[in-house]
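Structure file my_file-v1.tsv with TSV, C-alpha atoms and all ligand atoms:
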chain	number	residue	atom	x	y	z
X	1	MET	CA	0.00	0.00	0.00
X	2	LEU	CA	2.90	2.35	0.78
X	3	PHE	CA	3.76	2.68	-2.90
X	4	GLU	CA	0.21	3.37	-4.00
X	5	SER	CA	-1.20	6.84	-4.51
X	6	PHE	CA	-3.29	8.86	-2.07
X	7	GLN	CA	-5.70	11.72	-2.61
X	8	LEU	CA	-5.03	14.36	0.07
X	9	GLU	CA	-7.99	16.65	-0.52
X	10	HIS	CA	-7.19	18.35	-3.86
X	11	ASN	CA	-3.60	17.06	-3.90
X	12	TYR	CA	-2.84	13.80	-5.71
X	13	LEU	CA	0.11	12.13	-3.96
X	14	LYS	CA	1.90	9.53	-6.05
X	15	ASN	CA	2.73	7.38	-3.03
X	16	LYS	CA	2.08	7.33	0.71
X	17	ILE	CA	5.63	8.30	1.63
X	18	VAL	CA	6.08	11.68	3.30
X	19	MET	CA	9.32	13.58	3.77
X	20	PRO	CA	8.63	15.10	7.21
X	21	PRO	CA	9.94	18.49	8.31
X	22	MET	CA	13.64	18.54	9.15
X	23	THR	CA	15.63	21.60	10.14
X	24	ARG	CA	18.80	21.87	8.03
X	25	SER	CA	19.81	25.51	8.75
X	26	ARG	CA	21.15	26.50	5.36
X	27	ALA	CA	19.28	29.73	4.57
X	28	ALA	CA	21.11	32.79	3.24
X	29	LYS	CA	21.32	36.19	4.93
X	30	GLY	CA	17.87	37.51	5.87
X	31	GLU	CA	16.72	33.89	6.41
X	32	VAL	CA	16.19	33.60	2.62
X	33	PRO	CA	15.82	30.16	0.99
X	34	THR	CA	18.56	29.45	-1.56
X	35	ALA	CA	19.01	27.73	-4.93
X	36	LEU	CA	20.83	24.94	-3.05
X	37	MET	CA	17.72	24.38	-0.95
X	38	ALA	CA	15.64	24.22	-4.15
X	39	GLU	CA	17.99	21.52	-5.46
X	40	TYR	CA	17.79	19.57	-2.18
X	41	TYR	CA	13.99	19.52	-2.14
X	42	ALA	CA	13.71	18.84	-5.90
X	43	GLN	CA	16.02	15.83	-5.50
X	44	ARG	CA	13.45	14.44	-3.05
X	45	ALA	CA	10.36	15.14	-5.20
X	46	SER	CA	9.60	11.42	-5.58
X	47	ALA	CA	8.08	11.54	-2.09
X	48	GLY	CA	4.29	11.56	-2.20
X	49	LEU	CA	4.45	14.73	-0.09
X	50	ILE	CA	7.35	16.90	1.07
X	51	ILE	CA	6.87	19.03	4.17
X	52	THR	CA	9.60	21.64	4.48
X	53	GLU	CA	11.79	22.24	7.48
X	54	GLY	CA	10.28	24.40	10.22
X	55	THR	CA	9.87	27.89	8.76
X	56	PRO	CA	9.51	30.84	11.15
X	57	ILE	CA	6.50	33.09	10.62
X	58	SER	CA	8.21	36.12	12.15
X	59	THR	CA	11.48	37.28	13.68
X	60	GLN	CA	9.96	36.57	17.07
X	61	GLY	CA	9.21	32.99	15.94
X	62	ARG	CA	12.88	32.17	15.28
X	63	GLY	CA	14.88	29.98	17.63
X	64	TYR	CA	17.81	28.73	15.59
X	65	ALA	CA	20.49	30.06	13.25
X	66	TRP	CA	19.94	30.08	9.49
X	67	THR	CA	16.37	28.73	9.40
X	68	PRO	CA	14.47	29.99	6.31
X	69	GLY	CA	11.58	32.35	7.09
X	70	ILE	CA	8.35	33.20	5.30
X	71	TYR	CA	7.66	36.75	6.44
X	72	THR	CA	9.60	38.93	3.95
X	73	GLN	CA	9.24	39.34	0.18
X	74	ALA	CA	12.82	38.11	-0.35
X	75	GLN	CA	11.95	34.92	1.56
X	76	ILE	CA	8.79	34.42	-0.54
X	77	GLU	CA	10.86	34.83	-3.72
X	78	GLY	CA	13.38	32.28	-2.38
X	79	TRP	CA	10.61	29.78	-1.64
X	80	LYS	CA	9.23	30.25	-5.19
X	81	LYS	CA	12.45	28.67	-6.48
X	82	VAL	CA	11.86	25.71	-4.16
X	83	THR	CA	8.20	25.12	-5.07
X	84	GLN	CA	8.88	25.54	-8.80
X	85	ALA	CA	11.76	23.06	-8.69
X	86	VAL	CA	9.68	20.49	-6.77
X	87	HIS	CA	6.64	20.93	-9.01
X	88	ALA	CA	8.82	20.60	-12.13
X	89	LYS	CA	9.73	17.12	-10.87
X	90	GLY	CA	6.09	16.24	-10.21
X	91	GLY	CA	6.26	16.61	-6.43
X	92	LYS	CA	3.92	18.16	-3.86
X	93	ILE	CA	5.18	20.41	-1.10
X	94	PHE	CA	3.72	21.97	2.05
X	95	VAL	CA	5.61	24.47	4.19
X	96	GLN	CA	5.79	23.97	7.95
X	97	LEU	CA	4.83	27.23	9.69
X	98	TRP	CA	6.75	27.60	12.92
X	99	HIS	CA	6.81	29.81	15.98
X	100	VAL	CA	9.28	28.51	18.55
X	101	GLY	CA	7.78	30.36	21.52
X	102	ARG	CA	10.19	30.12	24.44
X	103	VAL	CA	12.72	27.94	22.60
X	104	SER	CA	14.77	30.91	21.44
X	105	HIS	CA	17.58	33.19	22.52
X	106	THR	CA	17.71	36.94	23.10
X	107	SER	CA	20.38	37.21	20.37
X	108	LEU	CA	17.82	36.06	17.77
X	109	GLN	CA	15.07	38.41	18.93
X	110	GLU	CA	14.54	42.01	17.86
X	111	ASN	CA	16.40	44.44	20.15
X	112	GLY	CA	17.63	41.52	22.25
X	113	ASN	CA	14.15	40.97	23.67
X	114	SER	CA	13.21	37.90	25.66
X	115	PRO	CA	11.52	35.06	23.79
X	116	VAL	CA	7.76	34.76	24.37
X	117	ALA	CA	5.67	31.93	25.80
X	118	PRO	CA	2.24	31.28	27.31
X	119	SER	CA	3.93	31.38	30.73
X	120	ALA	CA	7.35	32.57	31.88
X	121	ILE	CA	8.83	29.13	32.50
X	122	LEU	CA	12.37	28.15	31.56
X	123	ALA	CA	13.06	24.67	30.15
X	124	GLU	CA	16.31	23.81	31.90
X	125	GLY	CA	18.75	22.12	29.53
X	126	VAL	CA	16.78	22.86	26.34
X	127	LYS	CA	19.26	24.32	23.88
X	128	VAL	CA	19.07	26.30	20.66
X	129	PHE	CA	21.52	26.42	17.76
X	130	LEU	CA	23.30	29.75	17.29
X	131	ALA	CA	25.81	30.99	14.72
X	132	LYS	CA	29.30	31.34	16.19
X	133	ASN	CA	30.43	34.98	16.02
X	134	GLY	CA	27.70	35.96	13.55
X	135	GLN	CA	28.94	33.58	10.85
X	136	GLU	CA	26.84	32.59	7.85
X	137	ALA	CA	25.17	29.22	7.25
X	138	SER	CA	27.78	28.07	4.73
X	139	SER	CA	30.43	28.18	7.49
X	140	GLY	CA	28.55	25.50	9.41
X	141	GLN	CA	30.03	27.14	12.53
X	142	GLY	CA	27.30	26.91	15.13
X	143	GLU	CA	27.01	26.19	18.81
X	144	MET	CA	24.29	24.85	21.12
X	145	VAL	CA	23.26	27.31	23.84
X	146	GLN	CA	20.66	27.17	26.64
X	147	HIS	CA	17.47	28.99	25.51
X	148	SER	CA	16.71	32.30	27.21
X	149	MET	CA	14.15	32.87	29.96
X	150	PRO	CA	10.84	33.72	28.26
X	151	ARG	CA	8.24	36.30	29.23
X	152	SER	CA	4.52	35.56	29.08
X	153	LEU	CA	2.41	36.89	26.22
X	154	SER	CA	-0.32	39.50	26.62
X	155	ILE	CA	-3.66	38.84	24.94
X	156	PRO	CA	-3.11	41.49	22.22
X	157	GLU	CA	0.27	39.86	21.48
X	158	ILE	CA	-1.42	36.46	21.15
X	159	HIS	CA	-3.84	37.97	18.64
X	160	GLN	CA	-0.90	39.45	16.72
X	161	ILE	CA	0.81	36.04	16.51
X	162	ILE	CA	-2.38	34.55	15.08
X	163	GLN	CA	-2.28	37.28	12.42
X	164	ASP	CA	1.39	36.46	11.78
X	165	PHE	CA	0.40	32.82	11.13
X	166	VAL	CA	-2.33	34.00	8.74
X	167	GLN	CA	0.06	36.28	6.84
X	168	ALA	CA	2.65	33.51	6.64
X	169	ALA	CA	-0.01	31.15	5.22
X	170	ARG	CA	-0.96	33.74	2.59
X	171	ASN	CA	2.73	34.16	1.79
X	172	ALA	CA	3.00	30.39	1.41
X	173	ILE	CA	0.25	30.37	-1.20
X	174	GLU	CA	1.95	33.27	-3.00
X	175	ALA	CA	5.19	31.26	-2.94
X	176	GLY	CA	3.44	28.35	-4.68
X	177	PHE	CA	3.11	25.86	-1.84
X	178	ASP	CA	0.40	23.21	-2.11
X	179	GLY	CA	-0.51	23.81	1.52
X	180	VAL	CA	0.83	24.55	5.00
X	181	GLU	CA	1.50	22.49	8.10
X	182	LEU	CA	1.13	24.28	11.43
X	183	HIS	CA	3.92	23.20	13.76
X	184	GLY	CA	1.94	22.22	16.82
X	185	ALA	CA	4.53	19.72	18.05
X	186	ASN	CA	7.91	19.22	19.69
X	187	GLY	CA	7.63	21.76	22.46
X	188	TYR	CA	7.26	24.95	20.38
X	189	LEU	CA	4.70	27.73	20.83
X	190	ILE	CA	1.46	25.94	19.91
X	191	GLU	CA	2.43	22.95	22.04
X	192	GLN	CA	3.50	25.25	24.87
X	193	PHE	CA	-0.09	26.48	24.97
X	194	ILE	CA	-1.52	22.95	24.81
X	195	ASP	CA	0.57	21.13	27.42
X	196	SER	CA	-0.38	21.46	31.06
X	197	GLN	CA	3.20	21.89	32.33
X	198	THR	CA	4.03	24.83	30.03
X	199	ASN	CA	0.73	26.71	30.23
X	200	LYS	CA	-0.03	28.07	33.69
X	201	ARG	CA	-2.18	30.96	32.46
X	202	THR	CA	-5.35	31.84	34.30
X	203	ASP	CA	-7.03	33.77	31.45
X	204	GLU	CA	-9.00	32.35	28.50
X	205	TYR	CA	-5.80	30.96	26.90
X	206	GLY	CA	-5.19	28.62	29.83
X	207	GLY	CA	-6.68	27.42	33.07
X	208	SER	CA	-8.66	24.53	31.63
X	209	LEU	CA	-8.27	22.04	28.80
X	210	GLU	CA	-10.54	24.22	26.69
X	211	GLY	CA	-8.39	27.23	27.53
X	212	ARG	CA	-5.13	25.44	26.68
X	213	LEU	CA	-6.58	24.39	23.32
X	214	ARG	CA	-7.89	27.88	22.46
X	215	PHE	CA	-4.69	29.08	20.78
X	216	LEU	CA	-4.52	25.96	18.56
X	217	LYS	CA	-8.19	26.41	17.69
X	218	GLU	CA	-7.91	30.11	16.87
X	219	VAL	CA	-4.70	29.82	14.85
X	220	THR	CA	-6.00	26.89	12.83
X	221	THR	CA	-9.41	28.48	12.25
X	222	ALA	CA	-7.85	31.76	11.12
X	223	VAL	CA	-5.39	30.05	8.76
X	224	ALA	CA	-8.12	27.77	7.36
X	225	ASP	CA	-10.37	30.79	6.78
X	226	ALA	CA	-7.53	32.54	4.93
X	227	ILE	CA	-6.35	29.78	2.58
X	228	GLY	CA	-8.89	26.93	2.87
X	229	ALA	CA	-8.99	24.12	5.42
X	230	ASN	CA	-8.16	21.67	2.63
X	231	LYS	CA	-4.69	23.24	2.40
X	232	VAL	CA	-3.96	23.02	6.12
X	233	GLY	CA	-2.38	20.24	8.16
X	234	VAL	CA	-1.36	20.28	11.83
X	235	ARG	CA	1.55	18.50	13.47
X	236	GLN	CA	1.21	17.18	16.99
X	237	ALA	CA	3.54	15.27	19.32
X	238	PRO	CA	1.38	14.01	22.16
X	239	LEU	CA	4.08	12.16	24.09
X	240	THR	CA	7.37	13.98	23.53
X	241	THR	CA	9.20	15.32	26.57
X	242	LEU	CA	12.73	16.35	25.56
X	243	MET	CA	11.84	19.94	24.80
X	244	GLY	CA	10.26	20.25	28.22
X	245	ALA	CA	6.67	20.55	27.04
X	246	ILE	CA	4.80	17.83	28.87
X	247	ASP	CA	1.12	17.20	29.25
X	248	ASP	CA	-0.17	15.35	32.27
X	249	THR	CA	-3.05	13.65	30.43
X	250	PRO	CA	-1.89	13.43	26.81
X	251	GLU	CA	-4.59	11.15	25.49
X	252	GLU	CA	-7.42	13.29	26.84
X	253	THR	CA	-5.72	16.50	25.68
X	254	TYR	CA	-4.76	15.43	22.19
X	255	ILE	CA	-7.97	13.63	21.35
X	256	ALA	CA	-9.79	16.81	22.39
X	257	ALA	CA	-7.45	18.71	20.03
X	258	ALA	CA	-8.21	16.22	17.24
X	259	LYS	CA	-11.92	16.85	17.76
X	260	ILE	CA	-11.39	20.58	17.27
X	261	LEU	CA	-9.25	20.01	14.17
X	262	ASN	CA	-11.92	17.71	12.80
X	263	GLU	CA	-14.55	20.40	13.23
X	264	ILE	CA	-12.35	22.92	11.42
X	265	GLY	CA	-11.93	20.31	8.68
X	266	VAL	CA	-8.17	20.39	8.19
X	267	ALA	CA	-6.64	18.04	5.61
X	268	TYR	CA	-4.47	16.09	8.00
X	269	ILE	CA	-2.96	15.60	11.43
X	270	HIS	CA	0.69	14.62	11.39
X	271	ILE	CA	1.80	12.79	14.49
X	272	ALA	CA	5.46	12.90	15.46
X	273	GLU	CA	6.32	9.73	17.31
X	274	ALA	CA	9.74	11.30	17.77
X	275	ASP	CA	12.36	8.59	17.81
X	276	TRP	CA	14.80	11.23	19.12
X	277	ASP	CA	12.77	11.51	22.32
X	278	ASN	CA	12.56	9.11	25.27
X	279	ALA	CA	8.80	9.16	24.86
X	280	PRO	CA	6.97	5.86	25.32
X	281	GLU	CA	5.48	4.25	22.24
X	282	MET	CA	2.00	5.48	21.43
X	283	ALA	CA	-0.52	2.83	22.42
X	284	VAL	CA	-2.60	1.35	19.63
X	285	ASP	CA	-5.73	2.44	21.50
X	286	PHE	CA	-4.53	6.04	21.32
X	287	LYS	CA	-4.00	5.72	17.57
X	288	ALA	CA	-7.42	4.11	17.17
X	289	ALA	CA	-8.94	7.04	19.09
X	290	TYR	CA	-7.34	9.47	16.63
X	291	ARG	CA	-8.88	7.54	13.75
X	292	LYS	CA	-12.27	7.51	15.38
X	293	THR	CA	-12.18	11.25	16.16
X	294	PHE	CA	-10.57	12.72	13.06
X	295	LYS	CA	-11.98	12.22	9.57
X	296	GLY	CA	-9.08	13.72	7.58
X	297	ALA	CA	-5.81	11.98	6.79
X	298	LEU	CA	-3.45	10.78	9.52
X	299	ILE	CA	0.31	10.87	8.98
X	300	TYR	CA	2.71	9.14	11.38
X	301	SER	CA	6.48	9.71	11.41
X	302	GLY	CA	9.21	8.21	13.57
X	303	LYS	CA	11.45	5.16	13.10
X	304	TYR	CA	9.36	3.54	10.39
X	305	THR	CA	10.62	0.72	8.21
X	306	VAL	CA	8.74	-0.46	5.12
X	307	GLN	CA	7.36	-3.33	7.16
X	308	ARG	CA	6.16	-1.17	10.05
X	309	ALA	CA	4.74	1.31	7.56
X	310	GLU	CA	2.78	-1.37	5.72
X	311	GLU	CA	1.46	-2.70	9.03
X	312	ALA	CA	0.39	0.81	10.06
X	313	LEU	CA	-1.44	1.34	6.78
X	314	GLN	CA	-3.06	-2.13	6.88
X	315	SER	CA	-4.15	-1.67	10.48
X	316	GLY	CA	-6.17	1.30	9.37
X	317	TRP	CA	-4.85	3.91	11.82
X	318	ALA	CA	-2.45	5.59	9.37
X	319	ASP	CA	-2.91	6.95	5.84
X	320	LEU	CA	0.60	8.27	5.12
X	321	ILE	CA	4.00	7.53	6.66
X	322	GLY	CA	6.91	9.91	7.16
X	323	PHE	CA	10.54	8.79	6.85
X	324	GLY	CA	12.86	11.45	8.22
X	325	ARG	CA	16.57	10.80	8.44
X	326	PRO	CA	16.49	8.18	5.65
X	327	PHE	CA	15.33	11.02	3.37
X	328	ILE	CA	18.31	13.15	4.35
X	329	ALA	CA	20.70	10.52	3.01
X	330	ASN	CA	18.62	9.06	0.19
X	331	PRO	CA	17.14	11.52	-2.30
X	332	ASP	CA	15.49	8.61	-4.13
X	333	LEU	CA	14.18	6.97	-0.95
X	334	PRO	CA	10.83	5.74	-2.37
X	335	TYR	CA	12.63	3.95	-5.22
X	336	ARG	CA	15.12	2.38	-2.85
X	337	LEU	CA	12.40	1.27	-0.43
X	338	GLN	CA	10.25	-0.15	-3.19
X	339	TYR	CA	13.06	-2.25	-4.66
X	340	GLY	CA	14.76	-3.12	-1.37
X	341	LEU	CA	18.00	-1.34	-2.32
X	342	PRO	CA	20.60	-0.50	0.34
X	343	LEU	CA	20.33	2.92	1.99
X	344	ASN	CA	23.02	5.58	2.38
X	345	GLU	CA	23.71	6.52	6.01
X	346	PRO	CA	23.10	10.15	7.02
X	347	ILE	CA	26.09	12.16	8.22
X	348	ARG	CA	25.10	13.69	11.53
X	349	GLU	CA	27.77	16.39	11.53
X	350	LYS	CA	26.17	17.85	8.39
X	351	PHE	CA	22.59	17.99	9.66
X	352	PHE	CA	22.66	21.71	10.60
X	353	GLY	CA	24.47	24.42	8.64
X	354	GLY	CA	27.07	24.12	5.93
X	355	GLY	CA	26.72	23.78	2.17
X	356	ALA	CA	26.17	20.99	-0.35
X	357	GLU	CA	28.19	18.43	1.59
X	358	GLY	CA	25.91	16.04	3.44
X	359	TYR	CA	22.97	17.87	1.85
X	360	THR	CA	22.70	17.56	-1.92
X	361	ASP	CA	25.61	15.18	-2.54
X	362	TYR	CA	24.09	11.90	-1.35
X	363	PRO	CA	24.10	9.56	-4.37
X	364	PHE	CA	21.02	8.30	-6.15
X	365	ALA	CA	20.93	4.53	-6.65
X	366	GLU	CA	22.53	3.45	-9.91
X	367	ASN	CA	22.85	7.11	-10.88
X	368	LYS	CA	19.11	7.12	-11.37
X	369	GLN	CA	17.74	10.69	-11.34
X	370	LEU	CA	14.13	10.16	-10.30
B	401	LIG	C1	15.94	19.86	15.30
B	401	LIG	C2	16.68	21.02	15.36
B	401	LIG	C3	16.04	22.23	15.29
B	401	LIG	C4	14.66	22.29	15.19
B	401	LIG	C5	11.55	20.17	15.61
B	401	LIG	C6	11.86	22.18	14.37
B	401	LIG	O1	12.00	19.34	16.39
B	401	LIG	C7	12.44	21.20	15.02
B	401	LIG	C8	13.92	21.12	15.15
B	401	LIG	C9	14.57	19.92	15.21
B	401	LIG	O2	10.36	20.18	15.30
Written form, structure tokens:
Amino acid sequence: MLFESFQLEHNYLKNKIVMPPMTRSRAAKGEVPTALMAEYYAQRASAGLIITEGTPISTQGRGYAWTPGIYTQAQIEGWKKVTQAVHAKGGKIFVQLWHVGRVSHTSLQENGNSPVAPSAILAEGVKVFLAKNGQEASSGQGEMVQHSMPRSLSIPEIHQIIQDFVQAARNAIEAGFDGVELHGANGYLIEQFIDSQTNKRTDEYGGSLEGRLRFLKEVTTAVADAIGANKVGVRQAPLTTLMGAIDDTPEETYIAAAKILNEIGVAYIHIAEADWDNAPEMAVDFKAAYRKTFKGALIYSGKYTVQRAEEALQSGWADLIGFGRPFIANPDLPYRLQYGLPLNEPIREKFFGGGAEGYTDYPFAENKQL
């Protein structure tokens, strides 16, 4: 089933293999996507669906060096090169819209401001990736630094961030993306609102489960109203802990979130099972509850093999499967998986920052170009 097509609303996907979002930190000055990035994504256009690396919606939403943004005209023009290159190879591509919330550093914020969060709570030990001495991405010279103490958002600021998401989604459509994925996972802003240990607000954006889900609901509704719910997906990570965003009752919380997303009518929910986290495996009952609650497509990513992917699709709780790191090292991953060919191993040292090395120079099997 993995190699068969899938209709994701108006988007025809040629297989059920997703390239999930992966930060690679190779944008040019001004957080502008480059021609090298266009080549990287186009090389991977045999995926049924590509979802770009996390893409900040504003300066405030940035938490790492050299991540490509989608809030200036130069960035939109850069992304046009990416979407055109992917479409020319017959691929489909969504952009992941990202606000990091507290997971940032004063050096990345305007005027050295503090990062923002639902509540002013530090995640001890959670680090961000900064450029060493203001160097550019191509240097690859970065360092991991503890994120800065955040301050809590006022209600007008929350409303402004929702507008920033809407503008970023409009920019994405202008840039030629087939849709957007809202990054509601991995301990960033949307998840900081959702999870009980990061949201201690007492106003309407916290205090109760309904309150903690309000930001997700309002952002998703506003973005869906702006570009169409059929072009919107949402990523969630119910069980991850490493980024310090933890919910005390994840199943209750995230199934309630799925109910809201179902009512809005988004195209998909993308669940990060996060093999990089110590999170427990998601119980089959939890996955079945997602299926029962949410009528759109369900994508799962995290440590899948072809066999596990086929089982997930057969079992009925998944529609599409993401393969992350294997896609870094294997531009022609679907072909290799389909024919059982050996896989190239990803080079960890080249994950973040740098140039073509460990990025666009992984070989295709038998010199086959798609
Ligand atoms: C790794 C390094 C930097 C960012 C995520 C956006 O975990 C990320 C990310 C991952 O979702």
| field | Two-atom distance - atom O2 of ligand LIG 401 (chain B), CA of Val103 in chain X (Å) | value | 10.9 Å
| message | At a cut-off of 10 Å, using all atoms listed in the file, what residues contact Thr221 in chain X? Leave out same-chain residues fewer than 5 positions from it and give the result as a ChimeraX atom specification. | response | /X:162,166,215-216,226,228-229,232,260-261,263-266
| note | If you count only C-alpha atoms, the residue of X:Glu252, X:Glu174, X:Glu136, X:Glu9 closest to Glu77 in chain X turns out to be X:Glu174
Within 7 Å of ligand LIG 401 (chain B), which residues of chain X come that close, and what is the closest atom pair and distance in Å for each? Count only C-alpha atoms and all ligand atoms and give it as CSV.
residue,atom,partner,partner_atom,distance
X:Met22,CA,B:LIG401,C9,6.3
X:Thr23,CA,B:LIG401,C4,5.2
X:Glu53,CA,B:LIG401,C6,6.9
X:Gly54,CA,B:LIG401,C6,5.0
X:Tyr64,CA,B:LIG401,C3,6.7
X:Ala185,CA,B:LIG401,O2,6.5
X:Asn186,CA,B:LIG401,O2,5.1
| request: Go ahead and compute the interatomic distance for CA of Ala137 in chain X and CA of Ala27 in chain X, in Å to one decimal. | output: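 Computed distance, CA of Ala137 in chain X to CA of Ala27 in chain X, equals 6.5 Å.
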| task | Would you please work out which residue, of X:Val223, X:Ile328, X:Ala120, X:Ala267, is nearest to Pro21 in chain X when using all atoms listed in the file? | result | X:Ile328
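CA of His270 in chain X is found 15.1 Å from CA of Gly316 in chain X.
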| query | Which residue gives the smallest distance to Ile321 in chain X among X:Thr305, X:Thr253, X:Asn262, X:Ser107, with all atoms listed in the file counted? | reply |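 So, comparing all the options, the nearest one is X:Thr305.
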Using all atoms listed in the file, which residues of range 19-98 of chain X come within 6 Å of range 344-355 of chain X, and what is the closest atom pair for each, with the distance in Å to one decimal? Give it as a Markdown table, sorted by chain and residue number.
| residue | atom | partner | partner_atom | distance |
| --- | --- | --- | --- | --- |
| X:Arg24 | CA | X:Phe352 | CA | 4.6 |
| X:Ser25 | CA | X:Gly353 | CA | 4.8 |
| X:Arg26 | CA | X:Gly353 | CA | 5.1 |
Next, write the just-selected residues to a file, as a PDB file, keeping the file's coordinate frame, keeping C-alpha atoms as the atom set.
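Ended up saving to again_10.pdb:
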ATOM      1  CA  ARG X  24      18.800  21.870   8.030  1.00  0.00           C
ATOM      2  CA  SER X  25      19.810  25.510   8.750  1.00  0.00           C
ATOM      3  CA  ARG X  26      21.150  26.500   5.360  1.00  0.00           C
TER       4      ARG X  26
END
| field | Nearest residue to Val180 in chain X from the set X:Gly233, X:Gly61, X:Pro326, X:Pro331 (distances using only C-alpha atoms) | value |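 Ranked by minimum distance to Val180 in chain X, first place goes to X:Gly233.
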| query | Which one of X:Thr52, X:Thr360, X:Gln160, X:Ser5 sits closest to Glu181 in chain X if you count only C-alpha atoms? | reply |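 Under the stated criterion, the closest residue is X:Thr52.
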